[in-house]
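Novice: Sharing entry_11.cif below, mmCIF, C-alpha atoms (C1' of nucleotides):
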data_run
loop_
_atom_site.label_atom_id
_atom_site.label_comp_id
_atom_site.auth_asym_id
_atom_site.auth_seq_id
_atom_site.Cartn_x
_atom_site.Cartn_y
_atom_site.Cartn_z
CA MET A 1 -88.59 -22.89 -11.50
CA ALA A 2 -89.02 -24.13 -7.99
CA THR A 3 -86.16 -26.20 -6.70
CA PRO A 4 -87.54 -29.63 -5.85
CA GLU A 5 -87.06 -30.57 -2.23
CA PRO A 6 -84.08 -32.92 -2.33
CA GLU A 7 -83.80 -35.98 -0.19
CA ARG A 8 -82.75 -34.84 3.26
CA PRO A 9 -81.76 -37.89 5.28
CA GLY A 10 -82.43 -37.75 8.98
CA PHE A 11 -78.81 -37.77 9.94
CA LEU A 12 -77.98 -34.64 8.00
CA LEU A 13 -79.33 -31.95 10.29
CA PRO A 14 -77.84 -33.16 13.60
CA LEU A 15 -74.54 -33.89 11.96
CA LEU A 16 -74.37 -30.44 10.47
CA LEU A 17 -75.32 -28.85 13.76
CA LEU A 18 -72.55 -30.76 15.46
CA ALA A 19 -70.09 -29.96 12.70
CA GLY A 20 -70.95 -26.28 12.90
CA PHE A 21 -70.55 -26.25 16.65
CA ARG A 22 -67.25 -28.10 16.53
CA THR A 23 -65.98 -25.82 13.80
CA LEU A 24 -66.60 -22.79 15.97
CA ILE A 25 -65.19 -24.39 19.11
CA ASP A 26 -62.09 -25.72 17.40
CA ASP A 27 -61.37 -22.37 15.80
CA LEU A 28 -61.93 -20.64 19.10
CA HIS A 29 -59.51 -22.77 21.05
CA ALA A 30 -56.84 -22.66 18.41
CA GLU A 31 -56.98 -18.89 18.69
CA LEU A 32 -57.20 -18.92 22.50
CA ALA A 33 -54.13 -21.15 22.67
CA ARG A 34 -52.25 -18.51 20.69
CA GLN A 35 -53.43 -15.83 23.10
CA GLY A 36 -52.09 -17.44 26.24
CA HIS A 37 -54.88 -19.86 27.17
CA PRO A 38 -53.80 -23.25 25.82
CA GLU A 39 -55.38 -25.16 28.72
CA LEU A 40 -58.90 -23.88 28.17
CA ARG A 41 -61.13 -26.74 27.07
CA PRO A 42 -64.40 -26.36 25.18
CA LEU A 43 -66.42 -26.88 28.32
CA HIS A 44 -64.58 -24.23 30.31
CA GLY A 45 -65.96 -21.26 28.46
CA PHE A 46 -69.49 -22.29 29.28
CA VAL A 47 -68.55 -22.90 32.89
CA LEU A 48 -66.95 -19.48 33.20
CA GLN A 49 -70.02 -17.95 31.63
CA ALA A 50 -72.24 -19.83 34.05
CA VAL A 51 -70.23 -18.68 37.05
CA GLY A 52 -70.85 -15.15 35.96
CA ALA A 53 -69.60 -11.90 37.41
CA ASP A 54 -71.24 -12.33 40.79
CA GLY A 55 -69.92 -15.78 41.58
CA THR A 56 -71.98 -18.80 42.51
CA THR A 57 -71.75 -22.14 44.28
CA ALA A 58 -71.02 -25.61 42.94
CA THR A 59 -74.58 -26.77 43.45
CA GLU A 60 -76.06 -23.76 41.69
CA LEU A 61 -73.52 -24.13 38.91
CA GLY A 62 -74.59 -27.74 38.41
CA GLN A 63 -78.19 -26.63 38.13
CA ARG A 64 -77.29 -23.98 35.57
CA LEU A 65 -75.30 -26.45 33.49
CA GLY A 66 -77.74 -29.30 33.92
CA ILE A 67 -75.22 -31.61 35.60
CA SER A 68 -74.89 -32.99 39.10
CA LYS A 69 -73.37 -30.93 41.87
CA GLN A 70 -70.53 -33.44 42.13
CA ALA A 71 -69.65 -33.06 38.47
CA ALA A 72 -69.82 -29.31 38.81
CA GLY A 73 -67.57 -29.49 41.86
CA LYS A 74 -64.95 -31.51 40.02
CA THR A 75 -65.00 -29.12 37.10
CA VAL A 76 -64.53 -26.23 39.51
CA ASP A 77 -61.58 -28.11 41.01
CA ARG A 78 -59.89 -28.28 37.63
CA LEU A 79 -60.53 -24.63 36.83
CA VAL A 80 -59.24 -23.62 40.25
CA ALA A 81 -56.08 -25.62 39.61
CA LEU A 82 -55.69 -23.82 36.27
CA GLY A 83 -56.17 -20.43 37.91
CA TYR A 84 -59.45 -19.54 36.23
CA LEU A 85 -61.67 -19.80 39.29
CA GLU A 86 -61.21 -19.37 43.01
CA ARG A 87 -63.15 -20.55 46.02
CA GLY A 88 -64.08 -18.54 49.08
CA ASP A 89 -66.34 -18.84 52.07
CA ASP A 90 -69.82 -17.43 52.26
CA PRO A 91 -70.00 -15.24 55.38
CA ARG A 92 -73.77 -15.73 55.52
CA ASP A 93 -73.79 -19.54 55.20
CA ALA A 94 -70.90 -21.65 56.41
CA ARG A 95 -72.00 -24.55 54.21
CA ARG A 96 -71.68 -22.65 50.96
CA LYS A 97 -68.38 -22.14 49.16
CA LEU A 98 -68.47 -19.21 46.80
CA VAL A 99 -66.94 -19.77 43.38
CA ARG A 100 -65.63 -16.64 41.69
CA THR A 101 -63.87 -15.92 38.42
CA THR A 102 -60.25 -14.82 38.76
CA PRO A 103 -58.73 -12.03 36.63
CA ARG A 104 -57.24 -14.77 34.47
CA GLY A 105 -60.67 -16.30 34.09
CA LEU A 106 -62.12 -12.95 33.09
CA ASP A 107 -59.35 -12.53 30.56
CA GLY A 108 -60.11 -15.89 28.99
CA LEU A 109 -63.79 -15.11 28.94
CA ARG A 110 -63.28 -11.72 27.34
CA ARG A 111 -60.97 -13.14 24.69
CA SER A 112 -63.45 -15.93 23.98
CA ALA A 113 -66.18 -13.43 23.34
CA VAL A 114 -63.92 -11.41 21.04
CA VAL A 115 -62.89 -14.47 19.05
CA PHE A 116 -66.46 -15.72 18.82
CA ASP A 117 -67.55 -12.37 17.52
CA ARG A 118 -64.86 -12.54 14.88
CA LEU A 119 -65.87 -16.07 13.90
CA ARG A 120 -69.48 -14.98 13.64
CA GLN A 121 -68.40 -12.15 11.37
CA ARG A 122 -66.60 -14.70 9.21
CA TRP A 123 -69.78 -16.71 8.93
CA ALA A 124 -71.68 -13.54 8.13
CA ALA A 125 -69.20 -12.76 5.38
CA THR A 126 -69.78 -16.20 3.86
CA LEU A 127 -73.51 -16.52 4.29
CA GLY A 128 -74.64 -12.96 4.63
CA PRO A 129 -75.47 -11.32 7.98
CA ASP A 130 -79.18 -11.94 7.67
CA ARG A 131 -78.65 -15.68 7.18
CA VAL A 132 -76.65 -15.92 10.38
CA THR A 133 -79.26 -13.94 12.27
CA ALA A 134 -82.01 -16.11 10.80
CA MET A 135 -80.16 -19.25 11.84
CA GLU A 136 -79.85 -17.96 15.38
CA ASP A 137 -83.50 -17.04 15.52
CA ASP A 138 -84.54 -20.43 14.15
CA LEU A 139 -82.34 -22.31 16.57
CA ARG A 140 -83.65 -20.26 19.46
CA ALA A 141 -87.17 -21.11 18.36
CA VAL A 142 -86.63 -24.87 18.41
CA ALA A 143 -84.18 -25.25 21.31
CA PRO A 144 -85.72 -25.54 24.73
CA ALA A 145 -85.00 -22.32 26.58
CA ASN A 146 -83.97 -24.12 29.73
CA LEU A 147 -81.10 -25.89 28.00
CA PHE A 148 -77.95 -24.40 29.46
CA ARG A 149 -80.17 -21.84 31.12
CA LEU A 150 -79.89 -19.25 28.39
CA ASP A 151 -81.79 -16.89 30.66
CA VAL A 152 -79.20 -16.82 33.42
CA PRO A 153 -78.47 -13.17 34.20
CA GLY A 154 -75.16 -12.16 32.72
CA TRP A 155 -75.45 -14.48 29.77
CA PHE A 156 -75.54 -12.68 26.48
CA GLY A 157 -75.71 -9.37 28.17
CA GLY A 158 -79.09 -10.37 29.51
CA MET B 1 -89.56 -0.32 9.57
CA ALA B 2 -86.35 -2.21 9.43
CA THR B 3 -85.55 -4.17 12.52
CA PRO B 4 -82.28 -2.83 13.86
CA GLU B 5 -79.62 -5.49 14.16
CA PRO B 6 -79.69 -6.38 17.84
CA GLU B 7 -76.59 -7.04 19.84
CA ARG B 8 -75.50 -10.59 19.08
CA PRO B 9 -72.94 -11.61 21.64
CA GLY B 10 -70.30 -14.05 20.51
CA PHE B 11 -71.47 -16.82 22.75
CA LEU B 12 -74.94 -16.92 21.25
CA LEU B 13 -74.31 -18.78 18.02
CA PRO B 14 -72.22 -21.68 19.36
CA LEU B 15 -74.53 -22.10 22.31
CA LEU B 16 -77.57 -22.26 20.08
CA LEU B 17 -75.87 -24.73 17.77
CA LEU B 18 -75.06 -26.92 20.73
CA ALA B 19 -78.54 -26.53 22.16
CA GLY B 20 -80.09 -27.46 18.83
CA PHE B 21 -77.88 -30.50 18.51
CA ARG B 22 -78.56 -31.65 22.03
CA THR B 23 -82.26 -31.12 21.57
CA LEU B 24 -82.28 -33.43 18.57
CA ILE B 25 -80.05 -36.02 20.20
CA ASP B 26 -81.95 -36.07 23.47
CA ASP B 27 -85.25 -36.43 21.67
CA LEU B 28 -83.81 -39.18 19.51
CA HIS B 29 -82.56 -41.27 22.38
CA ALA B 30 -85.69 -40.85 24.43
CA GLU B 31 -87.58 -42.30 21.46
CA LEU B 32 -84.97 -45.00 20.77
CA ALA B 33 -85.15 -46.10 24.40
CA ARG B 34 -88.89 -46.61 23.94
CA GLN B 35 -88.23 -48.66 20.81
CA GLY B 36 -85.93 -51.20 22.42
CA HIS B 37 -82.56 -49.46 22.27
CA PRO B 38 -82.07 -47.88 25.70
CA GLU B 39 -78.31 -48.47 25.70
CA LEU B 40 -77.60 -46.50 22.53
CA ARG B 41 -75.57 -43.41 23.37
CA PRO B 42 -75.35 -40.28 21.23
CA LEU B 43 -71.98 -41.32 19.88
CA HIS B 44 -73.12 -44.77 18.82
CA GLY B 45 -75.31 -43.65 15.97
CA PHE B 46 -72.40 -41.88 14.34
CA VAL B 47 -70.18 -44.90 14.86
CA LEU B 48 -72.74 -47.22 13.31
CA GLN B 49 -73.05 -44.85 10.39
CA ALA B 50 -69.29 -44.74 10.02
CA VAL B 51 -69.03 -48.53 10.03
CA GLY B 52 -71.41 -48.58 7.12
CA ALA B 53 -72.93 -51.50 5.31
CA ASP B 54 -69.67 -52.96 4.08
CA GLY B 55 -67.86 -53.10 7.40
CA THR B 56 -64.52 -51.58 8.20
CA THR B 57 -61.59 -51.87 10.60
CA ALA B 58 -60.86 -50.10 13.85
CA THR B 59 -58.06 -48.05 12.34
CA GLU B 60 -60.15 -46.93 9.40
CA LEU B 61 -63.05 -46.18 11.72
CA GLY B 62 -60.80 -43.95 13.79
CA GLN B 63 -59.78 -42.08 10.68
CA ARG B 64 -63.39 -41.59 9.67
CA LEU B 65 -64.36 -40.32 13.09
CA GLY B 66 -61.23 -38.26 13.57
CA ILE B 67 -60.12 -40.14 16.69
CA SER B 68 -57.23 -42.47 17.45
CA LYS B 69 -57.37 -46.12 16.47
CA GLN B 70 -57.21 -47.03 20.15
CA ALA B 71 -60.26 -44.94 20.99
CA ALA B 72 -62.08 -46.41 18.00
CA GLY B 73 -61.14 -49.89 19.16
CA LYS B 74 -62.52 -49.30 22.61
CA THR B 75 -65.75 -47.91 21.21
CA VAL B 76 -66.06 -50.99 19.02
CA ASP B 77 -65.53 -53.13 22.12
CA ARG B 78 -68.49 -51.49 23.82
CA LEU B 79 -70.75 -51.80 20.79
CA VAL B 80 -69.76 -55.44 20.38
CA ALA B 81 -70.65 -56.05 24.03
CA LEU B 82 -74.02 -54.40 23.40
CA GLY B 83 -74.64 -56.52 20.32
CA TYR B 84 -74.58 -53.73 17.76
CA LEU B 85 -71.31 -54.67 16.09
CA GLU B 86 -69.37 -57.86 15.53
CA ARG B 87 -65.77 -58.62 14.74
CA GLY B 88 -64.44 -61.05 12.20
CA ASP B 89 -61.17 -61.96 10.57
CA ASP B 90 -60.06 -60.62 7.25
CA PRO B 91 -59.16 -63.64 5.11
CA ARG B 92 -56.85 -61.49 3.02
CA ASP B 93 -54.91 -59.87 5.90
CA ALA B 94 -54.41 -61.62 9.21
CA ARG B 95 -53.64 -58.33 10.91
CA ARG B 96 -56.99 -56.75 10.14
CA LYS B 97 -60.15 -57.44 12.14
CA LEU B 98 -63.28 -56.65 10.19
CA VAL B 99 -65.99 -54.75 12.07
CA ARG B 100 -69.50 -55.33 10.81
CA THR B 101 -72.92 -54.13 11.89
CA THR B 102 -75.18 -56.80 13.34
CA PRO B 103 -78.89 -57.03 12.57
CA ARG B 104 -79.52 -55.32 15.89
CA GLY B 105 -77.16 -52.56 14.85
CA LEU B 106 -78.96 -52.14 11.56
CA ASP B 107 -82.24 -51.99 13.42
CA GLY B 108 -80.98 -49.21 15.67
CA LEU B 109 -79.60 -47.36 12.71
CA ARG B 110 -82.81 -47.63 10.75
CA ARG B 111 -84.90 -46.49 13.69
CA SER B 112 -82.53 -43.57 14.28
CA ALA B 113 -83.00 -42.38 10.74
CA VAL B 114 -86.77 -42.67 11.03
CA VAL B 115 -86.85 -40.74 14.30
CA PHE B 116 -84.51 -38.09 12.96
CA ASP B 117 -86.71 -37.65 9.94
CA ARG B 118 -89.68 -37.18 12.23
CA LEU B 119 -87.79 -34.67 14.36
CA ARG B 120 -86.79 -32.77 11.25
CA GLN B 121 -90.42 -32.66 10.19
CA ARG B 122 -91.29 -31.23 13.59
CA TRP B 123 -88.72 -28.49 13.09
CA ALA B 124 -90.10 -27.90 9.61
CA ALA B 125 -93.57 -27.54 11.06
CA THR B 126 -92.30 -24.91 13.49
CA LEU B 127 -89.97 -22.97 11.25
CA GLY B 128 -91.22 -23.78 7.81
CA PRO B 129 -89.58 -26.35 5.53
CA ASP B 130 -87.54 -23.79 3.66
CA ARG B 131 -85.99 -22.45 6.85
CA VAL B 132 -84.78 -25.91 7.83
CA THR B 133 -83.37 -26.50 4.38
CA ALA B 134 -81.71 -23.09 4.43
CA MET B 135 -80.16 -23.83 7.81
CA GLU B 136 -78.76 -27.10 6.50
CA ASP B 137 -77.36 -25.42 3.43
CA ASP B 138 -75.79 -22.66 5.48
CA LEU B 139 -74.25 -25.07 7.92
CA ARG B 140 -72.89 -27.19 5.11
CA ALA B 141 -71.35 -24.05 3.63
CA VAL B 142 -69.45 -23.11 6.77
CA ALA B 143 -68.60 -26.53 8.20
CA PRO B 144 -65.43 -28.13 6.89
CA ALA B 145 -66.43 -31.03 4.69
CA ASN B 146 -63.87 -33.34 6.22
CA LEU B 147 -65.40 -33.06 9.68
CA PHE B 148 -66.86 -36.47 10.42
CA ARG B 149 -66.06 -37.35 6.82
CA LEU B 150 -69.43 -36.43 5.44
CA ASP B 151 -68.33 -37.91 2.16
CA VAL B 152 -67.91 -41.45 3.43
CA PRO B 153 -69.84 -43.75 1.09
CA GLY B 154 -73.06 -44.78 2.70
CA TRP B 155 -73.50 -41.58 4.62
CA PHE B 156 -76.61 -39.70 3.65
CA GLY B 157 -77.28 -42.06 0.86
CA GLY B 158 -74.12 -40.84 -0.81
"C1'" DA C 1 -84.13 -24.70 73.37
"C1'" DC C 2 -84.45 -28.99 71.39
"C1'" DT C 3 -85.46 -31.90 67.48
"C1'" DG C 4 -86.07 -33.37 62.90
"C1'" DT C 5 -85.56 -32.12 58.04
"C1'" DT C 6 -83.28 -29.96 54.29
"C1'" DT C 7 -79.28 -28.33 52.05
"C1'" DG C 8 -74.19 -27.71 50.49
"C1'" DG C 9 -69.94 -29.74 49.91
"C1'" DA C 10 -66.94 -33.55 49.80
"C1'" DC C 11 -65.53 -38.40 49.24
"C1'" DA C 12 -65.55 -42.93 46.91
"C1'" DA C 13 -66.49 -45.95 43.23
"C1'" DC C 14 -67.59 -46.30 38.80
"C1'" DC C 15 -68.38 -45.52 33.58
"C1'" DA C 16 -67.71 -43.41 28.85
"C1'" DC C 17 -64.58 -41.49 25.82
"C1'" DG C 18 -60.45 -39.65 24.61
"C1'" DT C 19 -55.14 -39.35 24.61
"C1'" DT C 20 -49.96 -41.14 24.03
"C1'" DG C 21 -46.59 -44.74 24.20
"C1'" DA C 22 -45.17 -49.33 23.53
"C1'" DC C 23 -45.21 -53.87 21.48
"C1'" DG C 24 -46.02 -58.31 18.92
"C1'" DA C 25 -47.76 -60.15 14.69
"C1'" DT C 26 -48.27 -59.66 9.93
"C1'" DC C 27 -47.66 -57.75 5.30
"C1'" DG C 28 -45.20 -55.79 1.39
"C1'" DT C 29 -41.05 -54.88 -0.65
"C1'" DA C 30 -35.98 -54.05 -1.62
"C1'" DT D 1 -34.36 -62.86 3.78
"C1'" DA D 2 -34.36 -58.79 6.12
"C1'" DC D 3 -36.54 -54.44 6.91
"C1'" DG D 4 -39.99 -50.99 7.39
"C1'" DA D 5 -44.85 -50.01 7.55
"C1'" DT D 6 -49.31 -51.29 9.32
"C1'" DC D 7 -53.05 -53.44 12.49
"C1'" DG D 8 -54.64 -54.57 16.76
"C1'" DT D 9 -53.98 -54.46 21.53
"C1'" DC D 10 -52.38 -53.36 26.26
"C1'" DA D 11 -51.23 -50.02 29.73
"C1'" DA D 12 -51.41 -45.63 31.94
"C1'" DC D 13 -53.59 -41.58 32.21
"C1'" DG D 14 -56.85 -37.28 31.84
"C1'" DT D 15 -61.48 -35.36 31.49
"C1'" DG D 16 -66.25 -35.17 32.27
"C1'" DG D 17 -70.05 -37.42 33.81
"C1'" DT D 18 -72.95 -40.64 37.13
"C1'" DT D 19 -74.87 -42.57 41.84
"C1'" DG D 20 -74.47 -43.33 46.71
"C1'" DT D 21 -72.95 -41.91 51.18
"C1'" DC D 22 -71.88 -38.86 54.77
"C1'" DC D 23 -71.08 -34.73 57.77
"C1'" DA D 24 -71.77 -30.09 59.04
"C1'" DA D 25 -74.60 -26.26 58.88
"C1'" DA D 26 -79.08 -24.07 58.36
"C1'" DC D 27 -83.81 -24.05 59.14
"C1'" DA D 28 -88.64 -24.99 60.74
"C1'" DG D 29 -91.84 -26.69 64.23
"C1'" DT D 30 -93.01 -27.77 68.76
#
Before we go any further, please render this structure as structure tokens.
Specialist:
Amino acid sequence: MATPEPERPGFLLPLLLLAGFRTLIDDLHAELARQGHPELRPLHGFVLQAVGADGTTATELGQRLGISKQAAGKTVDRLVALGYLERGDDPRDARRKLVRTTPRGLDGLRRSAVVFDRLRQRWAATLGPDRVTAMEDDLRAVAPANLFRLDVPGWFGG
Amino acid sequence: MATPEPERPGFLLPLLLLAGFRTLIDDLHAELARQGHPELRPLHGFVLQAVGADGTTATELGQRLGISKQAAGKTVDRLVALGYLERGDDPRDARRKLVRTTPRGLDGLRRSAVVFDRLRQRWAATLGPDRVTAMEDDLRAVAPANLFRLDVPGWFGG
DNA sequence: ACTGTTTGGACAACCACGTTGACGATCGTA
DNA sequence: TACGATCGTCAACGTGGTTGTCCAAACAGT
């Protein structure tokens, strides 16, 4: 017998999306804190990803993250103070300040990816691997591709 | 032929969850702004939900939202200034200040639910209704139930 | 080569949202 | 009645964002 479509109040889907995201992020940072990165905040992983292997500038980083260049600059300041990023001059343009990931930043990034993979495996063990893959495909289908610039080279191995 | 499981980097799932959430929230507030609630911020809907129909106190609100009573109090201050909440005395306990939703708050809440329902229907039209339902079920299965106190009376018609 | 425009980075002021610590007023109870 | 727990609030602070302004450097046109 077909299961009747239950009442699905409007608030349910966004709340569950947020809860799922926060579950992953909280688990990640609890594990990262154990592995020597207690100062890493949820935002920082995305920033480190957005900086990428080749480095970037504050303005470009802001565009990638969808925030102002000033906000990006302040975030870079904090990550520089924590030792995750470093600034340098651009020999080809004296206005630009190159932002690069330090070895410590790369370490945090690598550990994040490892922990995320493990968390995804935990979800796959609960839901089944195909359900997780289906969820990712569905979310990719409805989320605007320009959000967080999923197509930035270096993201997701792309 | 079976599709081989592609590489699914660890960052993909949380990023898509966040992107999906932000997509819904951004769409919601763009629509709410058109309907006379331009000051409503993403957080406010959850706060109004957490206040509920019966009213509550700042301390209890903080517990429901998982934040400190001071942070809850400041958020109530802002929503009172915007006309979405009001404070009153508790005749049975002079320490407690009751927080209640105003008619304007109820209006914003009702419109939020309507818009969210419409957004969910849009997702259902893209993915198919069963995919949206499956995503909700899967997320509910992996998200801790106490996050955002999904079981608070009044949430989701519960 | 000079000039005007665009761009990158930095500074200031401000706002939203969160934290911890302290404290007075009130309540419940021994 | 005295004491401990609880509620609201104030203060100080940190983080992450905004807009506006400004200077120096790069660039394009004459």
Novice: All Cα atoms, paired in order, least squares: that's the fit I need for chain A onto chain B, output as a compact mmCIF listing (two decimals) with C-alpha atoms, keeping the file's coordinate frame.
Specialist:
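Output file superposed-v5.txt is given in full below:
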# COMPACT_ATOMS: atom_id res chain seq x y z
CA MET A 1 -89.02 -0.42 8.62
CA ALA A 2 -85.82 -2.36 8.75
CA THR A 3 -85.25 -4.24 11.95
CA PRO A 4 -82.05 -2.90 13.50
CA GLU A 5 -79.40 -5.54 13.97
CA PRO A 6 -79.64 -6.36 17.66
CA GLU A 7 -76.66 -7.06 19.81
CA ARG A 8 -75.58 -10.62 19.12
CA PRO A 9 -73.04 -11.64 21.74
CA GLY A 10 -70.37 -14.06 20.65
CA PHE A 11 -71.56 -16.83 22.86
CA LEU A 12 -75.02 -16.95 21.34
CA LEU A 13 -74.37 -18.81 18.11
CA PRO A 14 -72.28 -21.70 19.49
CA LEU A 15 -74.60 -22.12 22.41
CA LEU A 16 -77.61 -22.30 20.16
CA LEU A 17 -75.89 -24.75 17.86
CA LEU A 18 -75.10 -26.94 20.83
CA ALA A 19 -78.59 -26.57 22.23
CA GLY A 20 -80.11 -27.50 18.89
CA PHE A 21 -77.89 -30.53 18.57
CA ARG A 22 -78.59 -31.69 22.10
CA THR A 23 -82.30 -31.17 21.63
CA LEU A 24 -82.29 -33.48 18.63
CA ILE A 25 -80.05 -36.07 20.27
CA ASP A 26 -81.97 -36.11 23.53
CA ASP A 27 -85.28 -36.49 21.72
CA LEU A 28 -83.83 -39.22 19.57
CA HIS A 29 -82.57 -41.32 22.44
CA ALA A 30 -85.70 -40.92 24.48
CA GLU A 31 -87.58 -42.35 21.52
CA LEU A 32 -84.97 -45.05 20.83
CA ALA A 33 -85.15 -46.16 24.46
CA ARG A 34 -88.88 -46.68 24.00
CA GLN A 35 -88.24 -48.72 20.87
CA GLY A 36 -85.96 -51.27 22.47
CA HIS A 37 -82.57 -49.53 22.33
CA PRO A 38 -82.07 -47.97 25.77
CA GLU A 39 -78.31 -48.57 25.74
CA LEU A 40 -77.61 -46.58 22.59
CA ARG A 41 -75.58 -43.50 23.46
CA PRO A 42 -75.38 -40.36 21.34
CA LEU A 43 -72.02 -41.36 19.96
CA HIS A 44 -73.15 -44.80 18.86
CA GLY A 45 -75.34 -43.66 16.03
CA PHE A 46 -72.45 -41.90 14.39
CA VAL A 47 -70.22 -44.91 14.92
CA LEU A 48 -72.77 -47.24 13.34
CA GLN A 49 -73.11 -44.84 10.45
CA ALA A 50 -69.34 -44.72 10.06
CA VAL A 51 -69.06 -48.50 10.05
CA GLY A 52 -71.45 -48.55 7.17
CA ALA A 53 -72.98 -51.47 5.33
CA ASP A 54 -69.71 -52.89 4.08
CA GLY A 55 -67.91 -53.05 7.40
CA THR A 56 -64.55 -51.52 8.19
CA THR A 57 -61.62 -51.81 10.57
CA ALA A 58 -60.90 -50.04 13.84
CA THR A 59 -58.11 -47.98 12.33
CA GLU A 60 -60.21 -46.86 9.38
CA LEU A 61 -63.10 -46.12 11.72
CA GLY A 62 -60.84 -43.89 13.80
CA GLN A 63 -59.83 -42.00 10.69
CA ARG A 64 -63.45 -41.53 9.67
CA LEU A 65 -64.41 -40.27 13.12
CA GLY A 66 -61.29 -38.21 13.61
CA ILE A 67 -60.16 -40.10 16.72
CA SER A 68 -57.26 -42.42 17.44
CA LYS A 69 -57.39 -46.06 16.46
CA GLN A 70 -57.23 -47.01 20.13
CA ALA A 71 -60.28 -44.93 20.97
CA ALA A 72 -62.09 -46.38 18.00
CA GLY A 73 -61.14 -49.87 19.13
CA LYS A 74 -62.52 -49.30 22.61
CA THR A 75 -65.75 -47.93 21.23
CA VAL A 76 -66.05 -50.99 19.01
CA ASP A 77 -65.50 -53.14 22.10
CA ARG A 78 -68.46 -51.54 23.83
CA LEU A 79 -70.73 -51.83 20.80
CA VAL A 80 -69.72 -55.47 20.37
CA ALA A 81 -70.60 -56.11 24.00
CA LEU A 82 -73.99 -54.47 23.41
CA GLY A 83 -74.60 -56.58 20.31
CA TYR A 84 -74.55 -53.76 17.78
CA LEU A 85 -71.28 -54.68 16.08
CA GLU A 86 -69.34 -57.86 15.50
CA ARG A 87 -65.73 -58.58 14.68
CA GLY A 88 -64.41 -61.02 12.11
CA ASP A 89 -61.15 -61.84 10.43
CA ASP A 90 -60.07 -60.48 7.09
CA PRO A 91 -59.19 -63.45 4.87
CA ARG A 92 -56.91 -61.23 2.78
CA ASP A 93 -54.95 -59.67 5.67
CA ALA A 94 -54.43 -61.49 8.93
CA ARG A 95 -53.66 -58.23 10.72
CA ARG A 96 -57.02 -56.65 9.99
CA LYS A 97 -60.14 -57.37 12.01
CA LEU A 98 -63.30 -56.58 10.12
CA VAL A 99 -65.98 -54.71 12.04
CA ARG A 100 -69.51 -55.29 10.80
CA THR A 101 -72.94 -54.11 11.89
CA THR A 102 -75.17 -56.82 13.35
CA PRO A 103 -78.90 -57.06 12.57
CA ARG A 104 -79.51 -55.36 15.90
CA GLY A 105 -77.16 -52.59 14.89
CA LEU A 106 -78.98 -52.17 11.60
CA ASP A 107 -82.26 -52.02 13.45
CA GLY A 108 -81.00 -49.26 15.71
CA LEU A 109 -79.61 -47.38 12.76
CA ARG A 110 -82.83 -47.66 10.79
CA ARG A 111 -84.92 -46.52 13.74
CA SER A 112 -82.55 -43.61 14.33
CA ALA A 113 -83.00 -42.43 10.80
CA VAL A 114 -86.79 -42.71 11.09
CA VAL A 115 -86.87 -40.76 14.34
CA PHE A 116 -84.51 -38.12 13.01
CA ASP A 117 -86.70 -37.68 9.99
CA ARG A 118 -89.68 -37.20 12.25
CA LEU A 119 -87.81 -34.67 14.39
CA ARG A 120 -86.78 -32.79 11.28
CA GLN A 121 -90.40 -32.70 10.20
CA ARG A 122 -91.27 -31.24 13.60
CA TRP A 123 -88.71 -28.52 13.09
CA ALA A 124 -90.07 -27.93 9.61
CA ALA A 125 -93.56 -27.57 11.04
CA THR A 126 -92.30 -24.92 13.47
CA LEU A 127 -89.96 -23.00 11.23
CA GLY A 128 -91.18 -23.83 7.79
CA PRO A 129 -89.51 -26.41 5.52
CA ASP A 130 -87.49 -23.85 3.63
CA ARG A 131 -85.96 -22.50 6.85
CA VAL A 132 -84.75 -25.94 7.84
CA THR A 133 -83.32 -26.53 4.39
CA ALA A 134 -81.66 -23.12 4.45
CA MET A 135 -80.14 -23.87 7.84
CA GLU A 136 -78.72 -27.12 6.55
CA ASP A 137 -77.31 -25.45 3.48
CA ASP A 138 -75.76 -22.67 5.55
CA LEU A 139 -74.22 -25.08 8.01
CA ARG A 140 -72.84 -27.19 5.20
CA ALA A 141 -71.30 -24.06 3.72
CA VAL A 142 -69.41 -23.11 6.88
CA ALA A 143 -68.54 -26.54 8.31
CA PRO A 144 -65.37 -28.10 7.02
CA ALA A 145 -66.36 -31.00 4.80
CA ASN A 146 -63.81 -33.31 6.34
CA LEU A 147 -65.38 -33.06 9.78
CA PHE A 148 -66.86 -36.46 10.48
CA ARG A 149 -66.11 -37.31 6.88
CA LEU A 150 -69.50 -36.33 5.53
CA ASP A 151 -68.40 -37.75 2.20
CA VAL A 152 -67.95 -41.31 3.40
CA PRO A 153 -69.88 -43.56 1.03
CA GLY A 154 -73.08 -44.71 2.63
CA TRP A 155 -73.54 -41.55 4.62
CA PHE A 156 -76.66 -39.67 3.71
CA GLY A 157 -77.35 -41.97 0.87
CA GLY A 158 -74.20 -40.69 -0.76
Novice: Residues of chain B were defined as contacting chain A if any atom lay at most 6 Å from it, counting only C-alpha atoms; please report them as a PyMOL selection string.
Specialist: chain B and resi 9-10+14+16-17+19-21+113+116-117+139+143+156
Novice: Distance cut-off 10 Å, counting only C-alpha atoms (C1' of nucleotides) - which residues of chain D neighbour chain A? Return them as a PyMOL selection string.
Specialist: chain D and resi 15-19+24-26
Novice: For the file shown, what are the residues hit by the PyMOL selection byres ((chain C) within 12 of (chain B)), laid out as a tab-separated table (two decimals) with C-alpha atoms (C1' of nucleotides), in the coordinates of the input?
Specialist:
chain	number	residue	atom	x	y	z
C	15	DC	C1'	-68.38	-45.52	33.58
C	16	DA	C1'	-67.71	-43.41	28.85
C	17	DC	C1'	-64.58	-41.49	25.82
C	18	DG	C1'	-60.45	-39.65	24.61
C	19	DT	C1'	-55.14	-39.35	24.61
C	20	DT	C1'	-49.96	-41.14	24.03
C	21	DG	C1'	-46.59	-44.74	24.20
C	24	DG	C1'	-46.02	-58.31	18.92
C	25	DA	C1'	-47.76	-60.15	14.69
C	26	DT	C1'	-48.27	-59.66	9.93
C	27	DC	C1'	-47.66	-57.75	5.30
C	28	DG	C1'	-45.20	-55.79	1.39
